[in-house]
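Here's the structure, in structure tokens; my notes come after.
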2 protein chains.
Amino acid sequence: MSQIDQTIDRQTLEARAVNTIRALAIDGTQAAGSGHPGMPMGSAAMAYVLWTRFLKHNPQNPQWHNRDRYVQSAGHGSMLIYSLLHLSGYDLPMAELQGYRRWGSKTPGHPEYGLTPGIEITTGPLGQGISSAVGMALAEAHLSANYNRPGHDIVDHYSYVIASDGDLMEGVSGEASSLAGHLGLGKLIVLYDDNKISIDGKTDITFSEDVLKRYEAYGWHTQRVEDGNDLTAIEAAITTAKNETAKPSIIAVRTIIGYGAPNQGSSAVHGAPLGEEKAALAKENLGALWPAFTVPEDVLAHYRQALKDGEAAEQDWRLRFERYKESFPELAAQYERVMAGEIPGELAKALPVFEVGKSTATRNSSQQIINALAAELPQLLGGSADLAESNKTTIKGVPFINHHDYAGRNIHFGVREHGMAAVANGLSLHGGLRPYVATFLIFSDYLRPSLRLAALMHQPVIYVFTHDSIGLGGDGPTHQPIEQLMALRAIPNVTVIRPADANESAGAWLAALEHKSGPTVLALSRQNLPHLDVAASNVKKGAYVLADSPGTPEVILIGTGSEVHVCLAAKQLLAEEGIAARVISMPSFELFDAQGEDYREAILPASVRARVAVEAGASLSWQKYVGLDGGLITLDRFGASADGAELMEKFGFTAQNVVETAKKLLA
Amino acid sequence: MSQIDQTIDRQTLEARAVNTIRALAIDGTQAAGSGHPGMPMGSAAMAYVLWTRFLKHNPQNPQWHNRDRYVQSAGHGSMLIYSLLHLSGYDLPMAELQGYRRWGSKTPGHPEYGLTPGIEITTGPLGQGISSAVGMALAEAHLSANYNRPGHDIVDHYSYVIASDGDLMEGVSGEASSLAGHLGLGKLIVLYDDNKISIDGKTDITFSEDVLKRYEAYGWHTQRVEDGNDLTAIEAAITTAKNETAKPSIIAVRTIIGYGAPNQGSSAVHGAPLGEEKAALAKENLGALWPAFTVPEDVLAHYRQALKDGEAAEQDWRLRFERYKESFPELAAQYERVMAGEIPGELAKALPVFEVGKSTATRNSSQQIINALAAELPQLLGGSADLAESNKTTIKGVPFINHHDYAGRNIHFGVREHGMAAVANGLSLHGGLRPYVATFLIFSDYLRPSLRLAALMHQPVIYVFTHDSIGLGGDGPTHQPIEQLMALRAIPNVTVIRPADANESAGAWLAALEHKSGPTVLALSRQNLPHLDVAASNVKKGAYVLADSPGTPEVILIGTGSEVHVCLAAKQLLAEEGIAARVISMPSFELFDAQGEDYREAILPASVRARVAVEAGASLSWQKYVGLDGGLITLDRFGASADGAELMEKFGFTAQNVVETAKKLLA
């Protein structure tokens, strides 16, 4: 063959390789009878270039630490990533693509982390993927700053994103992108699928801003590729972006949604299968005339080059890691431990014990605990959304991460709660880190979508939510959580812990760190709480008998957090009246519910139906423990601006009120 | 006096007027022992210029329709607005300022709408004020497009905002600002208190973006004032902003936080009183040597000019309105009705009745209902966050609001759920409008902070949340709500309604519209549901007996939404086995709980303890109705990607499962 023939042949193969993705998107959505063909068809070319010419990954080992991360923020275009995974040789057989969106398949409607090999993150809720990719890029920057040594770049990879218009309209991506620009995360590269179409029509019906100018304002490097099918231009732009190491990069790639379909470029191809007729026409337009769910042999071979390249890349890295290990055995051992997610077995011993007779706000105890734990856990890092002094989250003697300065373990997230939580997901997903993030409990509302994704992805992010009740005082109802505890408890796979004192706070942190398969929320007080004479280890059972009366109790008082102390005082008063009360401290519904029936019965005997729940928050769901006839000293209204102690009294969180409620139940 | 002397004298008075605000901020926070002096001291000059030279308002009638709206997005600096209200002559005596942040005062830690005359909106949670101001400006644009006639500008005011760094870091403000730029809301003017300080220190620790460039990218007009104490420059900038009527304006005013305090310009003055010594020094620096909580007589007189100016302005508007009323009596009458928040009494008659024997998805019934109601209610307007086709929210035959085209009643909010809900708060607060907003129920998480503020402010915003369960099918767990219903029910003053069919949907919309003191959430199905033979009016009781057995029922089945039909089928099967069951449809916890005890006892007799709750959502809190021993057919895990009907079966939402659960309870 002449050189020209070879080139033509090569173009043909590449064009067919791109169109294979499009054909699979058509087939997958047709077979499922639902789904989003438009995005994969529109962005097939940029994805092809990224995956075949840049992405450093090993399909045989999706866990290889030093792989590039690929985040498909536009999760609705899931057929794109499923096709890429299958074609590149990941363990995702064609049968799985045929089962797209079906019960039991590995190809759900939106990509799910943990379910499908090669999926780095669950996406679908818009804005989350790109924001978490900021966390992945920060993780890479932080770990490379701490573990690399001259001549030994063992942490050295890029984080790539394909993002849609919708991703960039969401506020969370603005927050995280502003932070990424501030930090100068040069190894974060976003391909913006700039197709000018969203579900409701052309983006110009509501989204006429200059996106690239906005990203320049954030401090990003920006480029534009005018033709989303121009492989050479896409390759050149990604190369330029890689070479720009001082700033994150965004490349706006002008694409045509549903490219190849007779109704390409319209919102009609966004969210529904093309239909048999248009599907056939599209395949004809694309020259993709092979049978549904098949791949031309040469195209498959072309993609499967990833297997060889990936194995070689990982092998090369392994050899380099061996050399690193010889030169820096301790550092290498630590790297291996943190990447394996190991937590030292003797962590409990590192916890401070808080002396009875003193009082501390649990946010302050938490600060002491964080600092004690940070000494044991090099993977522990975190920060607050501009409330570090209030949330008490700073690891002392350790620098803050800042622009081009990533070695520290404290992070200033700015007033960006949602971005913070999304970034934390990326830090956690990357591996090697145990992130915690902080704000006031009330502002957990700002970050719920990311917290929910942490729960869905089984990521052990720790949320330090302080100012956990009306007890915070004068800031008033805009700052006083009421429903937040219940709203967080309602999310599957989230553990909420509200410790009653410093020692329970130690137990709460330990439980959070030892829990590896889901997020933990710590709800901490602004106000001082007397130290209890209890072992931190009680917390992991979720609830325990803190104070009891001889014999079977007549009434059970259940409290959490600061209200446990109200229950203790009430028990005293009841004893004076000859009424035997039991006080249960219940720092965590979820941990208690996870105990065996025997334990739960021992704590909350079915025979004792006189039960009072005391919590300065919404009543909803306390009936779960006190039943239809139980007493509720809770709060089903918004708070008020006044001194915290005064509010507690005004709203009935007093021993006297508990006593009266208990007596009414017994009457 | 020579002219120069007069000028000097004037400057002196103005300087003292500005410093009076600063002194009151010092006094208020000192007396309270907490609060934020820094912001009011830093932004006193711009606030002074805005309030004395521009703001068109009548302190004697804070409800005057055509007043300019002032939104202090930086709610933590509440002493600023309390001082301005007091000084301008609103009904807020000095004693209230002395009671700052105290129980029962009208001066809570953050400004609260409804509590204090002249407060247009509750602020404090950052980003919300500026975003809701977009809604106020949109309300003005929409009402003026619909009610003004040539020579009759009866709706004609500006919306002004003072926003902080924190406001502009929050994603919600980015979303709303992008929308405002798209729409070209020229009468929205934001003064950005650009003080380079946030709680954790200088903003350059995390916020180094070019804010004005970002706003240019959104399509805003931008200006910078280099000296935040330069009254002339501030005035010139606001004048320029007013003259720019095609775009919203932002003016970055470089201020010094805590201006006058010895530690001005540092985060130390942000969030705590200055302390006695520094307070004294600050007052000395400012020449504000009059006693605490007093105002120099000439300064007060200077501010109180607002009373005369305001009365004249309102009087002028009233005369103009009378002329308008003569020329356009019907339009004027309609304007008066919508501004009074009136809902026609015969609204129920306008509702469609849905024939038994057919099936409709409640999102589709909702669309029919919206269209029927829109014909009766000119104040009804709304839209979706880029899901209009899925949420079924479009009012047919009515245009969409777009760039410089505000007469329509449909709004494309873009993929900006949080911004949408904040804008809705502004639309509602403005008066004259009943906004509804829409997205998938799962994405209610994205907008919770704004929804909570609607509840706190008693604003009757209606949330149309479709795709209300796993029944949505293939989109999988990222899109399937589980905990959302409970999490919304937990918020005080929110009414959540999940109708079981089209007729209940009509009742739900009616209840939402007739409820004027809080938001209503409508949770609607994606899938078809058979029409029930029920009156829409049942919904307002929250729960009712949908199907009963003769005599006292042995078991009560309680369902909501789509699961009501599962209960009905189960009742049939139980009857075949000779078991008498009652089916309760419970569209709304809150409406049911608001009924008298007799009604509640009649529906849910205390004597019948065999109760089964059936809802495709979190179990948490259903014990409230079924007790400790009740049956729960609920969902405490994330969903899965598969056909909706298949999922319902896999997860146990079947008549057979209800029957088995009921029989276990009876055994």
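Residue numbering restarts at 1 in every chain; chains get A, B, ... in the order shown in the structure tokens, and ligands count up from 1 in that same order.
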Taking only residues of chain A that have an atom at most 6 Å from an atom of chain B, what is each one's shortest atom pair and its distance in Å to one decimal, using only C-alpha atoms, in chain and number order, as JSON lines?
{"residue": "A:Arg101", "atom": "CA", "partner": "B:Gly474", "partner_atom": "CA", "distance": 5.1}
{"residue": "A:Arg102", "atom": "CA", "partner": "B:Ala642", "partner_atom": "CA", "distance": 4.4}
{"residue": "A:Trp103", "atom": "CA", "partner": "B:Ala642", "partner_atom": "CA", "distance": 4.6}
{"residue": "A:Pro108", "atom": "CA", "partner": "B:Ser641", "partner_atom": "CA", "distance": 5.1}
{"residue": "A:Gly109", "atom": "CA", "partner": "B:Asp475", "partner_atom": "CA", "distance": 4.5}
{"residue": "A:Gly166", "atom": "CA", "partner": "B:Val415", "partner_atom": "CA", "distance": 5.5}
{"residue": "A:Met169", "atom": "CA", "partner": "B:Val415", "partner_atom": "CA", "distance": 5.7}
{"residue": "A:Glu170", "atom": "CA", "partner": "B:Arg416", "partner_atom": "CA", "distance": 5.4}
{"residue": "A:Gly171", "atom": "CA", "partner": "B:Gly171", "partner_atom": "CA", "distance": 3.6}
{"residue": "A:Val172", "atom": "CA", "partner": "B:Gly171", "partner_atom": "CA", "distance": 5.4}
{"residue": "A:Gly174", "atom": "CA", "partner": "B:Gly171", "partner_atom": "CA", "distance": 5.9}
{"residue": "A:Glu175", "atom": "CA", "partner": "B:Gly171", "partner_atom": "CA", "distance": 5.5}
{"residue": "A:His182", "atom": "CA", "partner": "B:Ser208", "partner_atom": "CA", "distance": 5.6}
{"residue": "A:Ile199", "atom": "CA", "partner": "B:Asp386", "partner_atom": "CA", "distance": 5.8}
{"residue": "A:Asp200", "atom": "CA", "partner": "B:Asp386", "partner_atom": "CA", "distance": 5.3}
{"residue": "A:Thr206", "atom": "CA", "partner": "B:Gly414", "partner_atom": "CA", "distance": 5.8}
{"residue": "A:Ser208", "atom": "CA", "partner": "B:His182", "partner_atom": "CA", "distance": 5.6}
{"residue": "A:Glu209", "atom": "CA", "partner": "B:Tyr218", "partner_atom": "CA", "distance": 4.6}
{"residue": "A:Asp210", "atom": "CA", "partner": "B:Ala217", "partner_atom": "CA", "distance": 4.8}
{"residue": "A:Lys213", "atom": "CA", "partner": "B:Ala217", "partner_atom": "CA", "distance": 5.6}
{"residue": "A:Arg214", "atom": "CA", "partner": "B:Arg214", "partner_atom": "CA", "distance": 4.7}
{"residue": "A:Ala217", "atom": "CA", "partner": "B:Asp210", "partner_atom": "CA", "distance": 4.8}
{"residue": "A:Tyr218", "atom": "CA", "partner": "B:Glu209", "partner_atom": "CA", "distance": 4.6}
{"residue": "A:Asp386", "atom": "CA", "partner": "B:Asp200", "partner_atom": "CA", "distance": 5.3}
{"residue": "A:Gly414", "atom": "CA", "partner": "B:Thr206", "partner_atom": "CA", "distance": 5.8}
{"residue": "A:Val415", "atom": "CA", "partner": "B:Gly166", "partner_atom": "CA", "distance": 5.5}
{"residue": "A:Arg416", "atom": "CA", "partner": "B:Glu170", "partner_atom": "CA", "distance": 5.4}
{"residue": "A:Asp445", "atom": "CA", "partner": "B:Pro449", "partner_atom": "CA", "distance": 5.7}
{"residue": "A:Arg448", "atom": "CA", "partner": "B:Asp445", "partner_atom": "CA", "distance": 5.9}
{"residue": "A:Pro449", "atom": "CA", "partner": "B:Asp445", "partner_atom": "CA", "distance": 5.7}
{"residue": "A:Gly474", "atom": "CA", "partner": "B:Arg101", "partner_atom": "CA", "distance": 5.1}
{"residue": "A:Asp475", "atom": "CA", "partner": "B:Gly109", "partner_atom": "CA", "distance": 4.5}
{"residue": "A:Gly476", "atom": "CA", "partner": "B:Gly109", "partner_atom": "CA", "distance": 5.6}
{"residue": "A:Glu483", "atom": "CA", "partner": "B:Ala490", "partner_atom": "CA", "distance": 5.3}
{"residue": "A:Ala487", "atom": "CA", "partner": "B:Ala487", "partner_atom": "CA", "distance": 4.4}
{"residue": "A:Ala490", "atom": "CA", "partner": "B:Glu483", "partner_atom": "CA", "distance": 5.3}
{"residue": "A:Ile491", "atom": "CA", "partner": "B:Glu483", "partner_atom": "CA", "distance": 5.4}
{"residue": "A:Pro492", "atom": "CA", "partner": "B:Arg637", "partner_atom": "CA", "distance": 5.3}
{"residue": "A:Leu620", "atom": "CA", "partner": "B:Ser621", "partner_atom": "CA", "distance": 5.4}
{"residue": "A:Ser621", "atom": "CA", "partner": "B:Ser621", "partner_atom": "CA", "distance": 3.5}
{"residue": "A:Gln623", "atom": "CA", "partner": "B:Lys624", "partner_atom": "CA", "distance": 5.2}
{"residue": "A:Lys624", "atom": "CA", "partner": "B:Gln623", "partner_atom": "CA", "distance": 5.2}
{"residue": "A:Gly627", "atom": "CA", "partner": "B:Leu628", "partner_atom": "CA", "distance": 5.0}
{"residue": "A:Leu628", "atom": "CA", "partner": "B:Gly627", "partner_atom": "CA", "distance": 5.0}
{"residue": "A:Asp636", "atom": "CA", "partner": "B:Pro492", "partner_atom": "CA", "distance": 5.9}
{"residue": "A:Arg637", "atom": "CA", "partner": "B:Pro492", "partner_atom": "CA", "distance": 5.3}
{"residue": "A:Ser641", "atom": "CA", "partner": "B:Pro108", "partner_atom": "CA", "distance": 5.1}
{"residue": "A:Ala642", "atom": "CA", "partner": "B:Arg102", "partner_atom": "CA", "distance": 4.4}
Exercise: B:Ala17 partners within 10 Å, only C-alpha atoms, chain neighbours under 5 positions left out, as a PyMOL selection string = chain B and resi 11-12+22-23+44-45+48+87+288+295-296+298-300+302-303
Take the selection from the previous step and output its residues with all heavy atoms, as a short mmCIF file (atom, residue, chain, number, x, y, z; two decimals), in the first residue's frame.
data_model
loop_
_atom_site.label_atom_id
_atom_site.label_comp_id
_atom_site.auth_asym_id
_atom_site.auth_seq_id
_atom_site.Cartn_x
_atom_site.Cartn_y
_atom_site.Cartn_z
N GLN B 11 -20.75 67.79 53.95
CA GLN B 11 -19.89 66.61 54.06
C GLN B 11 -19.85 66.10 55.48
O GLN B 11 -19.90 64.90 55.73
CB GLN B 11 -18.47 66.96 53.62
CG GLN B 11 -18.31 67.02 52.12
CD GLN B 11 -16.91 67.42 51.72
OE1 GLN B 11 -16.16 67.98 52.52
NE2 GLN B 11 -16.57 67.15 50.47
N THR B 12 -19.78 67.02 56.40
CA THR B 12 -19.71 66.62 57.80
C THR B 12 -20.97 65.87 58.20
O THR B 12 -20.90 64.81 58.80
CB THR B 12 -19.53 67.86 58.69
OG1 THR B 12 -18.40 68.56 58.20
CG2 THR B 12 -19.30 67.46 60.13
N ARG B 22 -22.29 52.94 61.49
CA ARG B 22 -21.17 52.17 62.06
C ARG B 22 -21.28 52.10 63.58
O ARG B 22 -21.07 51.05 64.19
CB ARG B 22 -19.84 52.81 61.65
CG ARG B 22 -19.58 52.68 60.16
CD ARG B 22 -18.28 53.35 59.72
NE ARG B 22 -18.00 53.01 58.33
CZ ARG B 22 -17.66 53.88 57.38
NH1 ARG B 22 -17.52 55.17 57.67
NH2 ARG B 22 -17.44 53.47 56.14
N ALA B 23 -21.62 53.24 64.17
CA ALA B 23 -21.72 53.28 65.64
C ALA B 23 -22.83 52.34 66.12
O ALA B 23 -22.65 51.63 67.12
CB ALA B 23 -21.98 54.71 66.10
N ALA B 44 -21.24 50.69 55.20
CA ALA B 44 -22.13 51.77 55.63
C ALA B 44 -22.26 52.86 54.57
O ALA B 44 -23.36 53.37 54.31
CB ALA B 44 -21.62 52.37 56.94
N ALA B 45 -21.17 53.19 53.92
CA ALA B 45 -21.21 54.31 52.97
C ALA B 45 -22.07 53.97 51.75
O ALA B 45 -22.90 54.77 51.31
CB ALA B 45 -19.79 54.68 52.54
N TYR B 48 -25.62 53.95 52.77
CA TYR B 48 -26.09 55.33 52.98
C TYR B 48 -26.48 55.97 51.64
O TYR B 48 -27.56 56.56 51.50
CB TYR B 48 -24.99 56.15 53.68
CG TYR B 48 -25.26 57.63 53.62
CD1 TYR B 48 -26.18 58.22 54.48
CD2 TYR B 48 -24.62 58.42 52.66
CE1 TYR B 48 -26.46 59.58 54.38
CE2 TYR B 48 -24.89 59.77 52.57
CZ TYR B 48 -25.82 60.35 53.43
OH TYR B 48 -26.10 61.68 53.34
N LEU B 87 -33.42 54.48 61.23
CA LEU B 87 -33.08 55.85 60.87
C LEU B 87 -34.05 56.44 59.86
O LEU B 87 -34.39 57.62 59.92
CB LEU B 87 -31.64 55.90 60.31
CG LEU B 87 -30.55 55.57 61.33
CD1 LEU B 87 -29.21 55.34 60.63
CD2 LEU B 87 -30.42 56.69 62.38
N ALA B 288 -17.42 59.37 66.21
CA ALA B 288 -18.81 59.08 66.60
C ALA B 288 -18.87 59.04 68.12
O ALA B 288 -19.00 57.98 68.73
CB ALA B 288 -19.25 57.75 65.99
N VAL B 295 -28.65 58.92 68.26
CA VAL B 295 -28.38 59.42 66.91
C VAL B 295 -28.37 60.95 66.98
O VAL B 295 -29.32 61.53 67.50
CB VAL B 295 -29.47 58.95 65.92
CG1 VAL B 295 -29.22 59.50 64.53
CG2 VAL B 295 -29.56 57.44 65.90
N PRO B 296 -27.31 61.60 66.48
CA PRO B 296 -27.31 63.06 66.47
C PRO B 296 -28.57 63.59 65.78
O PRO B 296 -29.01 63.02 64.77
CB PRO B 296 -26.05 63.41 65.67
CG PRO B 296 -25.17 62.21 65.80
CD PRO B 296 -26.09 61.03 65.91
N ASP B 298 -29.33 66.14 63.93
CA ASP B 298 -29.32 66.52 62.52
C ASP B 298 -29.19 65.30 61.62
O ASP B 298 -29.74 65.25 60.52
CB ASP B 298 -28.22 67.56 62.24
CG ASP B 298 -26.83 67.05 62.61
OD1 ASP B 298 -26.73 66.07 63.39
OD2 ASP B 298 -25.85 67.62 62.12
N VAL B 299 -28.49 64.32 62.11
CA VAL B 299 -28.36 63.08 61.33
C VAL B 299 -29.72 62.40 61.20
O VAL B 299 -30.13 61.99 60.11
CB VAL B 299 -27.33 62.13 61.99
CG1 VAL B 299 -27.41 60.73 61.36
CG2 VAL B 299 -25.92 62.68 61.87
N LEU B 300 -30.42 62.35 62.32
CA LEU B 300 -31.74 61.72 62.28
C LEU B 300 -32.67 62.47 61.33
O LEU B 300 -33.36 61.86 60.51
CB LEU B 300 -32.34 61.66 63.69
CG LEU B 300 -33.61 60.78 63.80
CD1 LEU B 300 -33.31 59.33 63.47
CD2 LEU B 300 -34.21 60.88 65.20
N HIS B 302 -31.86 64.24 58.84
CA HIS B 302 -31.37 63.97 57.49
C HIS B 302 -31.95 62.65 56.97
O HIS B 302 -32.51 62.57 55.86
CB HIS B 302 -29.84 63.95 57.54
CG HIS B 302 -29.16 63.62 56.25
ND1 HIS B 302 -29.35 64.34 55.10
CD2 HIS B 302 -28.25 62.65 55.94
CE1 HIS B 302 -28.60 63.81 54.13
NE2 HIS B 302 -27.93 62.79 54.62
N TYR B 303 -31.86 61.60 57.76
CA TYR B 303 -32.40 60.30 57.34
C TYR B 303 -33.93 60.34 57.23
O TYR B 303 -34.51 59.74 56.35
CB TYR B 303 -32.01 59.21 58.34
CG TYR B 303 -30.64 58.61 58.10
CD1 TYR B 303 -29.59 58.82 58.99
CD2 TYR B 303 -30.41 57.78 57.00
CE1 TYR B 303 -28.34 58.25 58.79
CE2 TYR B 303 -29.15 57.21 56.79
CZ TYR B 303 -28.12 57.43 57.69
OH TYR B 303 -26.90 56.87 57.49
#
Running DSSP on the backbone, which parts of stretch 172-411 of chain B land in helix (DSSP H, G or I), as a VMD selection string?
-> chain B and resid 172 to 183 203 to 205 211 to 218 231 to 243 267 to 269 276 to 286 297 to 327 329 to 339 347 to 350 362 to 376 388 to 391
Determine, counting only C-alpha atoms, which protein, DNA and RNA residues have an atom within 10 Å of an atom of A:Glu276; residues of the same chain fewer than 3 positions away are not included. Present the result as a ChimeraX atom specification.
-> /A:26-27,30,273,279-282
What is the distance between atom CA of B:Val608 and atom CA of B:Glu554, in Å to one decimal?
->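 That distance, rounded to one decimal, is 6.7 Å.
Residue nearest B:Phe321, chosen from B:Ile154, B:Val398, B:Ile256, B:Ile130 and counting only C-alpha atoms: B:Ile154.
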Mind checking which residues fall within 12 Å of A:Pro378, counting only C-alpha atoms, ignoring those fewer than 4 positions away in the same chain, and posting them as a ChimeraX atom specification?
-> /A:142-143,146-147,331,334-339,341-344,370-374,382,395,398,407-409,432-435
Just the strand (DSSP E or B) stuff from stretch 98-247 of chain B, please, per backbone DSSP, written as a VMD selection string.
-> chain B and resid 149 152 159 to 164 188 to 194 197 to 198 201 to 202 221 to 225
Find the spatial neighbours of A:Arg320, counting only C-alpha atoms, within a cut-off of 12 Å - ignore same-chain residues fewer than 2 positions away - and output them as a PyMOL selection string.
-> chain A and resi 66+148-149+151-156+313-318+322-328+332
Name all residues at most 7 Å from B:Asp548 (count only C-alpha atoms; drop same-chain ones fewer than 3 positions away) and give them as an mmCIF file with N, CA and C atoms, in the first residue's frame.
data_model
loop_
_atom_site.group_PDB
_atom_site.id
_atom_site.type_symbol
_atom_site.label_atom_id
_atom_site.label_comp_id
_atom_site.auth_asym_id
_atom_site.auth_seq_id
_atom_site.Cartn_x
_atom_site.Cartn_y
_atom_site.Cartn_z
ATOM 1 N N VAL B 545 -60.903 7.526 54.276
ATOM 2 C CA VAL B 545 -61.185 6.111 54.023
ATOM 3 C C VAL B 545 -61.582 5.977 52.560
ATOM 4 N N ALA B 581 -60.605 -5.451 55.746
ATOM 5 C CA ALA B 581 -59.555 -4.428 55.722
ATOM 6 C C ALA B 581 -60.146 -3.071 55.365
ATOM 7 N N ARG B 582 -59.524 -2.048 55.856
ATOM 8 C CA ARG B 582 -59.860 -0.670 55.472
ATOM 9 C C ARG B 582 -58.656 -0.108 54.714
ATOM 10 N N VAL B 583 -58.924 0.599 53.644
ATOM 11 C CA VAL B 583 -57.833 1.263 52.920
ATOM 12 C C VAL B 583 -57.938 2.761 53.147
#
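If only C-alpha atoms are the atoms counted, then among A:Leu24, A:Asn657, A:Pro150, A:Trp51 the closest residue to A:Gln305 is A:Trp51.
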Which residue gives the smallest distance to A:Val134 among A:Val423, A:Ile81, A:Ala261, A:Ile584, with only C-alpha atoms counted?
-> A:Val423
Which residues, written as a PyMOL selection string, have at least one atom at most 12 Å from B:Gly542, with only C-alpha atoms counted and residues fewer than 6 positions away on the same chain left out?
-> chain B and resi 495-500+504+507-508+511+536+558-560+584-596+599-600+603
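Here atom CA of B:Thr520 stands at a distance of 24.6 Å from atom CA of B:Ser359.
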